[in-house]
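The structure file upload_8.txt is reproduced below (compact mmCIF, C-alpha atoms).
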# COMPACT_ATOMS: atom_id res chain seq x y z
CA MET A 1 105.02 91.05 66.29
CA SER A 2 103.17 92.48 63.36
CA GLY A 3 100.16 94.68 63.62
CA SER A 4 99.58 97.71 65.74
CA GLY A 5 96.91 100.25 66.40
CA ASP A 6 94.74 101.38 69.20
CA ALA A 7 92.41 98.67 70.44
CA ARG A 8 90.01 101.15 71.93
CA GLY A 9 88.85 103.13 68.94
CA ILE A 10 88.95 106.45 70.76
CA ASP A 11 86.26 108.86 69.64
CA ALA A 12 84.35 111.69 71.28
CA GLY A 13 81.79 109.32 72.79
CA HIS A 14 84.50 107.15 74.22
CA LEU A 15 86.36 110.10 75.65
CA SER A 16 83.28 111.24 77.53
CA LYS A 17 82.89 107.68 78.84
CA ILE A 18 86.50 107.77 80.08
CA GLY A 19 85.72 111.03 81.83
CA GLU A 20 82.65 109.52 83.39
CA MET A 21 84.55 106.44 84.55
CA ASP A 22 87.28 108.61 85.98
CA LEU A 23 84.69 110.45 88.09
CA ARG A 24 82.91 107.29 89.20
CA VAL A 25 86.13 105.54 90.21
CA ARG A 26 87.34 108.61 92.10
CA ALA A 27 84.01 108.74 93.93
CA LEU A 28 84.17 105.07 94.91
CA GLU A 29 87.79 105.37 96.02
CA SER A 30 86.88 108.36 98.19
CA VAL A 31 84.08 106.41 99.85
CA LEU A 32 86.30 103.39 100.50
CA VAL A 33 89.09 105.54 101.93
CA ASP A 34 86.58 107.52 104.00
CA LYS A 35 85.29 104.29 105.52
CA GLY A 36 88.77 103.00 106.23
CA TYR A 37 88.37 99.98 103.93
CA VAL A 38 91.37 100.83 101.75
CA ASP A 39 94.66 102.62 102.33
CA PRO A 40 95.56 104.96 99.43
CA ALA A 41 99.26 104.24 100.00
CA ALA A 42 98.57 100.53 99.49
CA LEU A 43 96.79 101.31 96.22
CA ASP A 44 99.81 103.30 95.03
CA GLU A 45 102.11 100.47 96.04
CA LEU A 46 100.02 97.89 94.18
CA ILE A 47 100.02 100.02 91.02
CA ASP A 48 103.73 100.66 91.25
CA THR A 49 104.42 96.95 91.60
CA TYR A 50 102.75 96.20 88.27
CA GLU A 51 104.13 99.27 86.51
CA THR A 52 107.76 98.80 87.48
CA ARG A 53 108.55 95.39 88.97
CA ILE A 54 106.42 92.77 87.25
CA GLY A 55 106.32 92.29 83.51
CA PRO A 56 107.24 90.06 80.58
CA ARG A 57 110.98 90.59 81.05
CA ASN A 58 110.68 88.22 84.02
CA GLY A 59 109.40 85.43 81.79
CA ALA A 60 112.03 86.24 79.15
CA ARG A 61 114.76 85.55 81.70
CA VAL A 62 113.15 82.19 82.52
CA VAL A 63 113.08 81.23 78.84
CA ALA A 64 116.64 82.40 78.18
CA ARG A 65 117.87 80.34 81.13
CA ALA A 66 116.04 77.29 79.76
CA TRP A 67 117.71 77.82 76.38
CA VAL A 68 121.23 77.90 77.76
CA ASP A 69 120.94 75.34 80.55
CA ALA A 70 119.46 71.92 79.73
CA SER A 71 119.15 70.90 83.36
CA TYR A 72 117.25 74.10 84.16
CA ARG A 73 115.01 73.44 81.15
CA ASP A 74 114.24 69.95 82.41
CA TRP A 75 113.46 71.33 85.87
CA LEU A 76 111.24 74.03 84.35
CA LEU A 77 109.30 71.47 82.32
CA SER A 78 108.85 69.12 85.28
CA ASP A 79 108.29 71.65 88.12
CA ALA A 80 107.81 75.12 86.69
CA THR A 81 106.59 76.70 89.93
CA ALA A 82 109.85 75.82 91.72
CA ALA A 83 112.12 76.54 88.75
CA ILE A 84 110.56 79.97 88.20
CA ALA A 85 110.62 80.79 91.93
CA TRP A 86 114.33 79.96 91.92
CA LEU A 87 114.84 82.92 89.59
CA GLY A 88 112.86 85.07 92.03
CA TYR A 89 109.49 85.23 90.29
CA ILE A 90 106.70 84.21 92.58
CA GLY A 91 103.29 85.30 93.67
CA ARG A 92 99.83 86.27 92.71
CA GLN A 93 98.37 84.62 89.62
CA SER A 94 101.47 82.45 89.24
CA GLU A 95 101.08 80.20 92.27
CA HIS A 96 100.83 77.02 90.19
CA MET A 97 102.88 77.18 87.01
CA ILE A 98 103.28 74.80 84.08
CA ALA A 99 105.82 75.43 81.32
CA VAL A 100 105.12 73.94 77.90
CA GLN A 101 107.76 73.65 75.23
CA ASN A 102 107.33 74.37 71.54
CA THR A 103 108.90 71.87 69.16
CA PRO A 104 108.89 71.45 65.38
CA GLN A 105 106.04 68.97 65.92
CA ARG A 106 103.92 71.02 68.32
CA HIS A 107 103.15 74.69 68.91
CA ASN A 108 101.50 75.70 72.18
CA LEU A 109 99.00 78.55 72.58
CA VAL A 110 97.53 79.80 75.86
CA VAL A 111 94.10 81.35 76.36
CA CYS A 112 91.51 81.88 79.06
CA THR A 113 88.13 81.56 77.35
CA LEU A 114 86.21 82.26 80.58
CA CYS A 115 87.95 85.43 81.76
CA SER A 116 91.57 86.58 81.59
CA CYS A 117 93.71 84.14 83.61
CA TYR A 118 97.37 84.89 82.92
CA PRO A 119 100.69 84.28 84.74
CA TRP A 120 101.17 87.76 86.22
CA ALA A 121 104.46 87.10 88.03
CA VAL A 122 106.25 86.11 84.82
CA LEU A 123 104.38 88.06 82.13
CA GLY A 124 102.85 91.02 83.98
CA LEU A 125 99.25 92.02 83.38
CA PRO A 126 97.66 90.66 80.21
CA PRO A 127 97.39 92.75 77.05
CA THR A 128 93.94 94.00 76.06
CA TRP A 129 93.58 91.57 73.16
CA TYR A 130 94.15 88.61 75.52
CA LYS A 131 91.18 89.75 77.62
CA SER A 132 88.90 90.52 74.68
CA ALA A 133 86.18 88.49 73.00
CA PRO A 134 87.82 87.98 69.56
CA TYR A 135 90.86 86.16 70.99
CA ARG A 136 89.02 84.31 73.75
CA SER A 137 86.35 83.01 71.38
CA ARG A 138 88.53 81.86 68.49
CA ALA A 139 91.79 80.69 70.07
CA VAL A 140 90.31 77.29 70.98
CA ARG A 141 88.58 76.81 67.64
CA ASP A 142 90.76 78.31 64.91
CA PRO A 143 94.19 78.88 66.45
CA ARG A 144 95.95 78.87 63.08
CA GLY A 145 93.66 81.65 61.90
CA VAL A 146 94.34 83.52 65.13
CA LEU A 147 98.09 83.12 64.65
CA ALA A 148 97.78 84.53 61.13
CA GLU A 149 96.34 87.72 62.62
CA PHE A 150 99.50 87.98 64.72
CA GLY A 151 101.59 87.50 61.59
CA VAL A 152 102.65 83.99 62.56
CA THR A 153 102.62 81.18 60.01
CA LEU A 154 103.54 77.72 61.23
CA PRO A 155 104.59 74.83 59.01
CA PRO A 156 101.44 72.93 58.01
CA ASP A 157 102.67 69.77 59.73
CA THR A 158 103.13 71.49 63.10
CA ASP A 159 100.20 70.49 65.32
CA ILE A 160 98.68 73.13 67.58
CA ARG A 161 97.86 72.56 71.23
CA VAL A 162 95.68 75.13 72.96
CA TRP A 163 95.76 75.42 76.76
CA ASP A 164 92.55 76.94 78.13
CA SER A 165 93.42 78.24 81.63
CA THR A 166 90.20 77.27 83.37
CA ALA A 167 91.52 76.75 86.92
CA GLU A 168 94.35 78.36 88.92
CA VAL A 169 97.15 76.69 86.94
CA ARG A 170 98.98 79.23 84.78
CA TYR A 171 100.89 78.43 81.60
CA LEU A 172 104.17 79.71 80.19
CA VAL A 173 105.15 78.78 76.64
CA VAL A 174 108.86 78.08 76.11
CA PRO A 175 109.41 79.00 72.46
CA MET A 176 112.06 77.38 70.28
CA ARG A 177 115.46 79.05 70.40
CA PRO A 178 115.92 81.05 67.20
CA VAL A 179 118.23 79.78 64.51
CA GLY A 180 121.44 81.79 64.46
CA SER A 181 121.43 82.57 68.19
CA GLU A 182 124.17 80.08 69.09
CA ASP A 183 126.73 82.77 69.94
CA LEU A 184 124.49 84.89 72.15
CA ASN A 185 124.75 84.98 75.91
CA GLU A 186 121.81 84.59 78.27
CA GLU A 187 121.06 88.29 78.49
CA GLU A 188 121.17 88.71 74.72
CA LEU A 189 118.91 85.72 74.33
CA ALA A 190 116.39 87.17 76.81
CA ALA A 191 116.14 90.24 74.58
CA LEU A 192 114.86 87.98 71.78
CA VAL A 193 111.99 86.63 73.89
CA THR A 194 108.81 88.60 73.33
CA ARG A 195 105.75 88.57 75.53
CA ASP A 196 103.67 87.08 72.74
CA SER A 197 106.18 84.26 72.18
CA MET A 198 105.52 83.16 75.78
CA ILE A 199 101.74 83.17 75.20
CA GLY A 200 102.15 81.33 71.91
CA THR A 201 100.81 84.11 69.71
CA GLY A 202 104.28 85.09 68.57
CA LEU A 203 107.74 83.74 67.88
CA PRO A 204 110.97 85.05 69.39
CA ARG A 205 112.84 87.71 67.49
CA THR A 206 115.73 86.48 65.41
CA PRO A 207 119.23 87.87 66.04
CA GLN A 208 119.11 89.29 62.51
CA ALA A 209 115.89 91.18 63.27
CA VAL A 210 117.43 92.66 66.43
CA ASP A 211 120.56 93.77 64.56
CA ALA A 212 118.57 95.33 61.75
CA MET B 1 70.32 85.26 92.80
CA SER B 2 68.56 81.88 92.49
CA SER B 3 70.36 79.23 90.50
CA ASP B 4 67.57 79.21 87.89
CA ASP B 5 68.56 82.71 86.89
CA TYR B 6 72.30 82.15 86.60
CA VAL B 7 73.55 83.32 83.22
CA THR B 8 77.23 83.76 82.48
CA ARG B 9 78.09 86.14 79.69
CA ALA B 10 81.81 85.39 79.84
CA ASP B 11 81.86 81.87 78.39
CA LEU B 12 83.11 82.80 74.93
CA GLY B 13 85.07 79.74 73.73
CA GLY B 14 84.14 78.83 70.16
CA GLN B 15 81.71 81.70 69.57
CA LEU B 16 81.79 83.21 66.10
CA GLY B 17 81.29 86.81 65.06
CA HIS B 18 83.45 88.72 67.52
CA GLY B 19 85.55 90.24 64.75
CA PRO B 20 89.30 90.67 64.34
CA ILE B 21 91.82 90.72 67.17
CA LEU B 22 92.98 94.26 67.92
CA LEU B 23 96.64 94.23 68.87
CA ASP B 24 98.18 96.60 71.35
CA SER B 25 101.72 97.30 72.46
CA GLU B 26 103.80 95.32 74.94
CA HIS B 27 104.27 97.87 77.72
CA GLU B 28 100.92 99.30 78.55
CA PRO B 29 99.25 97.78 81.56
CA TRP B 30 96.60 100.53 81.61
CA HIS B 31 95.02 102.91 79.12
CA ALA B 32 93.80 105.49 81.65
CA ALA B 33 94.63 106.33 85.24
CA TRP B 34 91.22 105.19 86.48
CA GLU B 35 91.93 101.65 85.23
CA SER B 36 94.92 101.37 87.54
CA ARG B 37 92.84 102.65 90.47
CA VAL B 38 90.14 100.04 89.77
CA PHE B 39 92.82 97.36 89.57
CA ALA B 40 94.29 98.38 92.93
CA LEU B 41 90.89 98.83 94.61
CA GLN B 42 89.88 95.34 93.51
CA LEU B 43 93.11 93.74 94.72
CA SER B 44 92.92 95.58 98.02
CA MET B 45 89.25 94.76 98.67
CA GLY B 46 89.81 91.21 97.39
CA ALA B 47 92.37 90.71 100.16
CA ALA B 48 90.03 92.09 102.84
CA GLY B 49 88.61 88.64 103.55
CA VAL B 50 84.99 89.49 102.63
CA TRP B 51 84.76 87.56 99.38
CA ASN B 52 86.96 85.23 97.33
CA LEU B 53 88.18 85.36 93.73
CA ASP B 54 85.61 82.81 92.55
CA MET B 55 82.82 85.04 93.88
CA THR B 56 84.39 87.96 92.04
CA ARG B 57 84.51 86.02 88.79
CA ALA B 58 80.83 85.12 89.24
CA ALA B 59 79.99 88.78 89.90
CA ARG B 60 81.78 89.80 86.70
CA GLU B 61 80.41 87.16 84.37
CA THR B 62 76.80 87.87 85.42
CA LEU B 63 76.90 91.62 84.74
CA PRO B 64 73.93 92.10 82.38
CA ASP B 65 75.92 94.40 80.07
CA TYR B 66 79.16 92.40 80.27
CA ASP B 67 79.71 92.47 76.52
CA GLN B 68 79.25 96.26 76.37
CA ARG B 69 81.92 96.99 78.97
CA SER B 70 85.67 97.38 78.63
CA TYR B 71 87.76 95.10 80.81
CA TYR B 72 88.20 97.45 83.75
CA GLU B 73 84.60 98.61 83.46
CA ILE B 74 83.74 94.96 84.12
CA TRP B 75 86.04 94.96 87.16
CA PHE B 76 84.50 98.19 88.41
CA GLY B 77 80.93 96.96 87.94
CA ALA B 78 81.61 93.72 89.80
CA LEU B 79 83.47 95.51 92.61
CA LEU B 80 80.58 97.92 93.13
CA LYS B 81 78.05 95.08 92.99
CA GLN B 82 79.97 93.07 95.60
CA LEU B 83 80.37 96.09 97.89
CA GLU B 84 76.68 96.99 97.65
CA GLU B 85 75.42 93.43 98.05
CA ARG B 86 77.28 93.16 101.34
CA GLY B 87 76.18 96.54 102.66
CA LEU B 88 79.74 97.86 102.66
CA VAL B 89 78.88 100.76 100.38
CA PHE B 90 75.54 102.36 99.43
CA ALA B 91 74.48 103.99 96.18
CA ASP B 92 73.94 107.38 97.82
CA GLU B 93 77.55 107.31 99.01
CA VAL B 94 78.94 106.65 95.54
CA ALA B 95 76.78 109.50 94.23
CA ALA B 96 78.04 111.82 96.97
CA GLY B 97 81.67 110.65 96.82
CA ARG B 98 81.89 110.30 100.60
CA SER B 99 80.77 108.07 103.44
CA LEU B 100 77.18 108.68 104.62
CA HIS B 101 76.66 105.50 106.67
CA PRO B 102 78.78 103.92 109.40
CA PRO B 103 81.52 101.61 108.07
CA ARG B 104 81.39 97.89 108.75
CA ALA B 105 84.36 96.06 110.24
CA LEU B 106 86.47 94.22 107.65
CA PRO B 107 88.47 91.10 108.56
CA ARG B 108 91.55 92.98 107.34
CA VAL B 109 92.62 96.20 105.68
CA VAL B 110 95.61 96.09 103.33
CA HIS B 111 98.29 98.66 104.08
CA ALA B 112 101.26 99.60 101.93
CA ARG B 113 103.64 97.59 104.09
CA ASP B 114 101.52 94.44 103.46
CA VAL B 115 101.74 94.66 99.68
CA PRO B 116 105.08 92.88 99.06
CA THR B 117 104.08 89.94 101.25
CA LEU B 118 100.60 89.68 99.81
CA GLN B 119 102.09 89.88 96.36
CA ALA B 120 104.69 87.20 96.97
CA ARG B 121 102.31 84.83 98.71
CA GLY B 122 99.49 85.17 96.21
CA ALA B 123 96.56 82.89 96.85
CA PRO B 124 97.60 79.28 96.26
CA THR B 125 94.60 77.00 95.74
CA GLU B 126 96.26 73.63 96.24
CA ARG B 127 95.27 71.86 99.45
CA LEU B 128 96.61 68.76 101.16
CA ALA B 129 95.19 65.67 99.51
CA THR B 130 92.61 64.06 101.78
CA LYS B 131 91.69 61.22 99.45
CA GLY B 132 93.03 59.44 96.41
CA PRO B 133 92.28 60.57 92.86
CA ARG B 134 89.49 58.84 90.98
CA PHE B 135 91.29 58.98 87.63
CA ALA B 136 94.81 58.26 86.41
CA VAL B 137 96.98 59.80 83.69
CA GLY B 138 96.07 58.31 80.32
CA GLN B 139 92.56 57.34 81.37
CA ARG B 140 89.64 58.12 79.06
CA VAL B 141 86.92 60.23 80.64
CA ARG B 142 83.91 62.24 79.62
CA THR B 143 83.05 65.71 80.85
CA ILE B 144 79.63 66.21 82.38
CA ALA B 145 76.85 67.61 80.22
CA GLY B 146 75.38 71.05 80.85
CA PRO B 147 73.66 73.27 81.48
CA ILE B 148 75.36 74.02 84.79
CA PRO B 149 73.11 76.49 86.68
CA HIS B 150 75.78 78.28 88.70
CA HIS B 151 79.32 79.62 88.38
CA THR B 152 81.52 76.96 86.84
CA ARG B 153 84.93 76.72 85.20
CA LEU B 154 83.83 74.00 82.78
CA PRO B 155 83.30 75.93 79.54
CA ARG B 156 80.23 75.10 77.50
CA TYR B 157 82.28 74.02 74.50
CA ALA B 158 83.92 71.36 76.69
CA GLN B 159 80.75 69.99 78.29
CA GLY B 160 79.66 66.44 77.47
CA LYS B 161 82.83 65.64 75.51
CA PRO B 162 85.29 62.73 75.54
CA ALA B 163 88.74 63.57 76.88
CA VAL B 164 91.93 61.96 78.18
CA ILE B 165 93.58 62.71 81.52
CA GLU B 166 96.99 64.21 80.80
CA ARG B 167 98.25 65.68 84.09
CA MET B 168 97.29 65.71 87.73
CA HIS B 169 97.68 68.85 89.85
CA GLY B 170 96.73 67.65 93.33
CA MET B 171 93.60 68.77 95.16
CA HIS B 172 92.51 72.38 94.62
CA VAL B 173 89.81 74.68 95.95
CA PHE B 174 86.70 73.85 93.91
CA ALA B 175 85.62 77.03 92.15
CA ASP B 176 82.00 75.95 91.70
CA ALA B 177 81.53 75.56 95.48
CA ASN B 178 83.75 78.45 96.55
CA ALA B 179 81.95 80.91 94.29
CA ARG B 180 78.64 80.05 95.97
CA GLY B 181 79.91 80.54 99.50
CA GLN B 182 79.84 76.81 100.22
CA GLY B 183 83.46 76.65 101.30
CA GLU B 184 86.54 75.39 99.51
CA HIS B 185 85.55 71.70 99.02
CA PRO B 186 88.93 70.82 97.48
CA GLN B 187 88.79 68.35 94.60
CA TRP B 188 91.40 66.66 92.44
CA LEU B 189 92.34 68.82 89.50
CA TYR B 190 93.42 67.37 86.15
CA THR B 191 94.51 68.69 82.78
CA VAL B 192 92.27 66.87 80.34
CA VAL B 193 92.81 67.00 76.60
CA PHE B 194 90.24 66.94 73.80
CA ARG B 195 90.71 66.28 70.13
CA GLY B 196 89.76 69.43 68.26
CA THR B 197 87.60 67.44 65.87
CA GLN B 198 85.44 66.32 68.78
CA LEU B 199 84.84 69.92 69.81
CA TRP B 200 84.34 71.70 66.50
CA PRO B 201 82.91 70.71 63.11
CA ASP B 202 85.53 72.85 61.39
CA ALA B 203 88.62 71.92 63.46
CA GLU B 204 91.91 71.19 61.71
CA PRO B 205 92.97 67.54 62.13
CA GLY B 206 95.97 67.94 64.45
CA LEU B 207 94.37 70.37 66.91
CA THR B 208 94.17 69.43 70.59
CA VAL B 209 92.65 71.59 73.31
CA SER B 210 93.04 71.12 77.04
CA ILE B 211 91.24 72.52 80.06
CA ASP B 212 91.93 72.13 83.74
CA ALA B 213 89.02 70.16 85.16
CA TRP B 214 88.11 69.38 88.75
CA GLU B 215 87.06 65.78 89.39
CA PRO B 216 83.30 66.55 89.66
CA TYR B 217 83.44 67.70 86.01
CA LEU B 218 84.49 64.21 84.90
CA GLU B 219 82.92 60.78 84.49
CA ALA B 220 84.64 57.51 83.56
CA ALA B 221 84.22 56.87 79.83
What would the structure in this file look like if it were written as C-alpha cells?
Amino acid sequence: MSGSGDARGIDAGHLSKIGEMDLRVRALESVLVDKGYVDPAALDELIDTYETRIGPRNGARVVARAWVDASYRDWLLSDATAAIAWLGYIGRQSEHMIAVQNTPQRHNLVVCTLCSCYPWAVLGLPPTWYKSAPYRSRAVRDPRGVLAEFGVTLPPDTDIRVWDSTAEVRYLVVPMRPVGSEDLNEEELAALVTRDSMIGTGLPRTPQAVDA
Amino acid sequence: MSSDDYVTRADLGGQLGHGPILLDSEHEPWHAAWESRVFALQLSMGAAGVWNLDMTRAARETLPDYDQRSYYEIWFGALLKQLEERGLVFADEVAAGRSLHPPRALPRVVHARDVPTLQARGAPTERLATKGPRFAVGQRVRTIAGPIPHHTRLPRYAQGKPAVIERMHGMHVFADANARGQGEHPQWLYTVVFRGTQLWPDAEPGLTVSIDAWEPYLEAA
C-alpha cells in the first residue's frame, strides 16, 4: 500500500482534546463500574480479543486457502459464512458473510456509506480511513479516483463494483492471486494478502515485492 | 425525538468536498487508550439487553456535531446519550466520576467469562422465513423515494432509483423498525444493484453499485 502519515493531525489543541476525552471516558467507566453495569475484567477481555486474536491475518488465511484449493474457493463464493467458520473465524460483525472475487473483468470495492460496517471476525476493526467521510462519500461515486489515492491503478477495461454494506451482511474481497506466486505454499501466500486487498482498496503484494 | 425532527448526519454517500483520504497503518486498532475503553464499554452495554444496535446507530447518526467528532468520540457521545435517555446514568454522576443515584437493574451484565461466547455468537439478524419473498433474482425494481423521516439503511443516493435484484439473503431484522423500538419485524433482504450512471451524473460507464435492501425499500418496476 502506498501512502502513510498520521490521519489525526496531532497538534496542541488535539492533544488537549485527547486529555479531555481520557478524563471523560474514565469518569463514565467509573460510574458504570460503580453501578455494577459493567465488569472491568470483561472490558479488558474485550479489548484483548481485538488487540491479539482478531485481525486481518484471519482473512488472509481464508484468501490463501481459496487460492490453493478450488473446491474451497467455490464453497467460499457460494456460502462464505460456513466456509469462513470452517477455518475457525466466526462471530460479531461477521454473522452473515459474502465473498466476492476479483477478476480481470471486475474489481470489487467494499464501503459502508452510512457508518462503518466491516467484517470484524476476518479483518479485525476497520482502519480510520474506512470510517471517515472522504472514503465513505466518494467510494460509491468515484471508486477509480479513490483507488488512485491508495496507489492502485486498474486496467481501463476492468469494471468496478462497489458493495455498500447497508445491512448486516459483511463482504470479503478475494483478490486475484499474484503472478509469479505459483511455487508458494499456503502460508507464504497468506503473507501476500494485505488488509486493503480484502477491502478492495489494495492489491496483494507480489512475491518479488516481499523478497525485495 | 419526533419523526419530523429526524436528521441523520451520517449518510455521506456521494457527497463532495470531504477532502483526501488519510491513510493509516495496518495494525492500529486504537490511537489512544480511551478509544479502547469506549469500544469495550459500548460492546458491554450493547449486550446488556437495554437497547439494540439499530438504536445505537440512530443515536450516533443524530448527534448534532457528528461531523466534528472523531470516530470514538461519536461512539462515546451516543453511549452517553443512550445511558442518560434511559435514566441509567445522570449528568451529575459523569461530572463527579461516581454513582450518586441508585442503579437500575439491567437484563444482563457481561462478565469476562461471557466474552468468548458473546464474541463467537455475535448477533445474527437472520430469522426464520415466515412468508415468501415478493421479488426474485433478476427482477427489476425501484427503490422508494425519500425523504424517510426516521432511522433507515436506505442511503439517500439510492432512493427513488431503478435497480435489479441480484441476491437474496433470507428474512432479517428490519433496521428501520428495530431502531424505533417497534420490534424486529423481519423482512426479506436483497442485494440490489444500480448502474452507476443512474446514480451519478459523472459516473464512469462500467460502474455498478449495490446495497442490501429490505423488501419495504423496494417497489416492482
Sorted per-residue table, chain B near chain A, closest atoms and distance, 7 Å, all atoms listed in the file, as JSON lines:
{"residue": "B:Ala10", "atom": "CA", "partner": "A:Leu114", "partner_atom": "CA", "distance": 5.5}
{"residue": "B:Asp11", "atom": "CA", "partner": "A:Leu114", "partner_atom": "CA", "distance": 4.9}
{"residue": "B:Leu12", "atom": "CA", "partner": "A:Ser137", "partner_atom": "CA", "distance": 4.8}
{"residue": "B:Gly13", "atom": "CA", "partner": "A:Ser137", "partner_atom": "CA", "distance": 4.2}
{"residue": "B:Gly14", "atom": "CA", "partner": "A:Ser137", "partner_atom": "CA", "distance": 4.9}
{"residue": "B:Gln15", "atom": "CA", "partner": "A:Ser137", "partner_atom": "CA", "distance": 5.1}
{"residue": "B:Leu16", "atom": "CA", "partner": "A:Ser137", "partner_atom": "CA", "distance": 7.0}
{"residue": "B:His18", "atom": "CA", "partner": "A:Pro134", "partner_atom": "CA", "distance": 4.9}
{"residue": "B:Gly19", "atom": "CA", "partner": "A:Pro134", "partner_atom": "CA", "distance": 5.8}
{"residue": "B:Pro20", "atom": "CA", "partner": "A:Pro134", "partner_atom": "CA", "distance": 6.1}
{"residue": "B:Ile21", "atom": "CA", "partner": "A:Pro134", "partner_atom": "CA", "distance": 5.4}
{"residue": "B:Leu22", "atom": "CA", "partner": "A:Ala7", "partner_atom": "CA", "distance": 5.1}
{"residue": "B:Leu23", "atom": "CA", "partner": "A:Ser4", "partner_atom": "CA", "distance": 5.5}
{"residue": "B:Asp24", "atom": "CA", "partner": "A:Ser4", "partner_atom": "CA", "distance": 5.9}
{"residue": "B:Pro29", "atom": "CA", "partner": "A:Leu125", "partner_atom": "CA", "distance": 6.0}
{"residue": "B:Trp34", "atom": "CA", "partner": "A:Asp22", "partner_atom": "CA", "distance": 5.2}
{"residue": "B:Ser36", "atom": "CA", "partner": "A:Ile47", "partner_atom": "CA", "distance": 6.3}
{"residue": "B:Val38", "atom": "CA", "partner": "A:Val25", "partner_atom": "CA", "distance": 6.8}
{"residue": "B:Ala40", "atom": "CA", "partner": "A:Leu43", "partner_atom": "CA", "distance": 5.1}
{"residue": "B:Leu41", "atom": "CA", "partner": "A:Leu43", "partner_atom": "CA", "distance": 6.6}
{"residue": "B:Ser44", "atom": "CA", "partner": "A:Val38", "partner_atom": "CA", "distance": 6.6}
{"residue": "B:Glu93", "atom": "CA", "partner": "A:Val31", "partner_atom": "CA", "distance": 6.6}
{"residue": "B:Val94", "atom": "CA", "partner": "A:Leu28", "partner_atom": "CA", "distance": 5.5}
{"residue": "B:Gly97", "atom": "CA", "partner": "A:Ala27", "partner_atom": "CA", "distance": 4.2}
{"residue": "B:Arg98", "atom": "CA", "partner": "A:Val31", "partner_atom": "CA", "distance": 4.5}
{"residue": "B:Ser99", "atom": "CA", "partner": "A:Val31", "partner_atom": "CA", "distance": 5.2}
{"residue": "B:Pro103", "atom": "CA", "partner": "A:Lys35", "partner_atom": "CA", "distance": 5.3}
{"residue": "B:Val109", "atom": "CA", "partner": "A:Tyr37", "partner_atom": "CA", "distance": 6.0}
{"residue": "B:Val110", "atom": "CA", "partner": "A:Val38", "partner_atom": "CA", "distance": 6.6}
{"residue": "B:His111", "atom": "CA", "partner": "A:Ala42", "partner_atom": "CA", "distance": 5.0}
{"residue": "B:Ala112", "atom": "CA", "partner": "A:Ala42", "partner_atom": "CA", "distance": 3.7}
{"residue": "B:Val115", "atom": "CA", "partner": "A:Leu46", "partner_atom": "CA", "distance": 6.6}
{"residue": "B:Gln119", "atom": "CA", "partner": "A:Gly91", "partner_atom": "CA", "distance": 5.4}
{"residue": "B:Ala120", "atom": "CA", "partner": "A:Gly91", "partner_atom": "CA", "distance": 4.1}
{"residue": "B:Arg121", "atom": "CA", "partner": "A:Gly91", "partner_atom": "CA", "distance": 5.2}
{"residue": "B:Gly122", "atom": "CA", "partner": "A:Arg92", "partner_atom": "CA", "distance": 3.7}
{"residue": "B:Ala123", "atom": "CA", "partner": "A:Arg92", "partner_atom": "CA", "distance": 6.3}
{"residue": "B:Pro124", "atom": "CA", "partner": "A:Glu95", "partner_atom": "CA", "distance": 5.4}
{"residue": "B:Thr125", "atom": "CA", "partner": "A:Glu168", "partner_atom": "CA", "distance": 7.0}
{"residue": "B:Arg153", "atom": "CA", "partner": "A:Thr166", "partner_atom": "CA", "distance": 5.6}
{"residue": "B:Trp200", "atom": "CA", "partner": "A:Arg141", "partner_atom": "CA", "distance": 6.7}
{"residue": "B:Ala203", "atom": "CA", "partner": "A:Arg141", "partner_atom": "CA", "distance": 6.4}
{"residue": "B:Gly206", "atom": "CA", "partner": "A:Asp159", "partner_atom": "CA", "distance": 5.0}
{"residue": "B:Leu207", "atom": "CA", "partner": "A:Ile160", "partner_atom": "CA", "distance": 5.2}
{"residue": "B:Thr208", "atom": "CA", "partner": "A:Arg161", "partner_atom": "CA", "distance": 4.9}
{"residue": "B:Val209", "atom": "CA", "partner": "A:Val162", "partner_atom": "CA", "distance": 4.7}
{"residue": "B:Ser210", "atom": "CA", "partner": "A:Trp163", "partner_atom": "CA", "distance": 5.1}
{"residue": "B:Ile211", "atom": "CA", "partner": "A:Asp164", "partner_atom": "CA", "distance": 5.0}
{"residue": "B:Asp212", "atom": "CA", "partner": "A:Thr166", "partner_atom": "CA", "distance": 5.4}
**OP:** For A:Gln208, work out the shell of residues within 12 Å, counting all atoms listed in the file and skipping chain neighbours fewer than 5 positions away, then give it as a ChimeraX atom specification.
**Re:** /A:178-181,184,192
Counting all atoms listed in the file, what is within 12 Å of B:Lys81, bar same-chain residues fewer than 5 positions away, as a PDB file with C-alpha atoms, keeping the file's coordinate frame?
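Heads up, here's the output in part22.pdb:
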ATOM      1  CA  LEU A  28      84.170 105.070  94.910  1.00  0.00           C
TER       2      LEU A  28
ATOM      3  CA  GLN B  42      89.880  95.340  93.510  1.00  0.00           C
ATOM      4  CA  TRP B  51      84.760  87.560  99.380  1.00  0.00           C
ATOM      5  CA  MET B  55      82.820  85.040  93.880  1.00  0.00           C
ATOM      6  CA  THR B  56      84.390  87.960  92.040  1.00  0.00           C
ATOM      7  CA  ARG B  57      84.510  86.020  88.790  1.00  0.00           C
ATOM      8  CA  ALA B  58      80.830  85.120  89.240  1.00  0.00           C
ATOM      9  CA  ALA B  59      79.990  88.780  89.900  1.00  0.00           C
ATOM     10  CA  ARG B  60      81.780  89.800  86.700  1.00  0.00           C
ATOM     11  CA  GLU B  61      80.410  87.160  84.370  1.00  0.00           C
ATOM     12  CA  THR B  62      76.800  87.870  85.420  1.00  0.00           C
ATOM     13  CA  LEU B  63      76.900  91.620  84.740  1.00  0.00           C
ATOM     14  CA  PRO B  64      73.930  92.100  82.380  1.00  0.00           C
ATOM     15  CA  ILE B  74      83.740  94.960  84.120  1.00  0.00           C
ATOM     16  CA  TRP B  75      86.040  94.960  87.160  1.00  0.00           C
ATOM     17  CA  PHE B  76      84.500  98.190  88.410  1.00  0.00           C
ATOM     18  CA  ARG B  86      77.280  93.160 101.340  1.00  0.00           C
ATOM     19  CA  GLY B  87      76.180  96.540 102.660  1.00  0.00           C
ATOM     20  CA  LEU B  88      79.740  97.860 102.660  1.00  0.00           C
ATOM     21  CA  VAL B  89      78.880 100.760 100.380  1.00  0.00           C
ATOM     22  CA  PHE B  90      75.540 102.360  99.430  1.00  0.00           C
ATOM     23  CA  ALA B  91      74.480 103.990  96.180  1.00  0.00           C
ATOM     24  CA  VAL B  94      78.940 106.650  95.540  1.00  0.00           C
TER      25      VAL B  94
END
**OP:** List the neighbours of B:Gly181 out to 9 Å using all atoms listed in the file; skip same-chain residues closer than 2 positions along the sequence, and give me the result as number ranges by chain.
**Re:** B: 51-52, 55, 177-179, 183-184
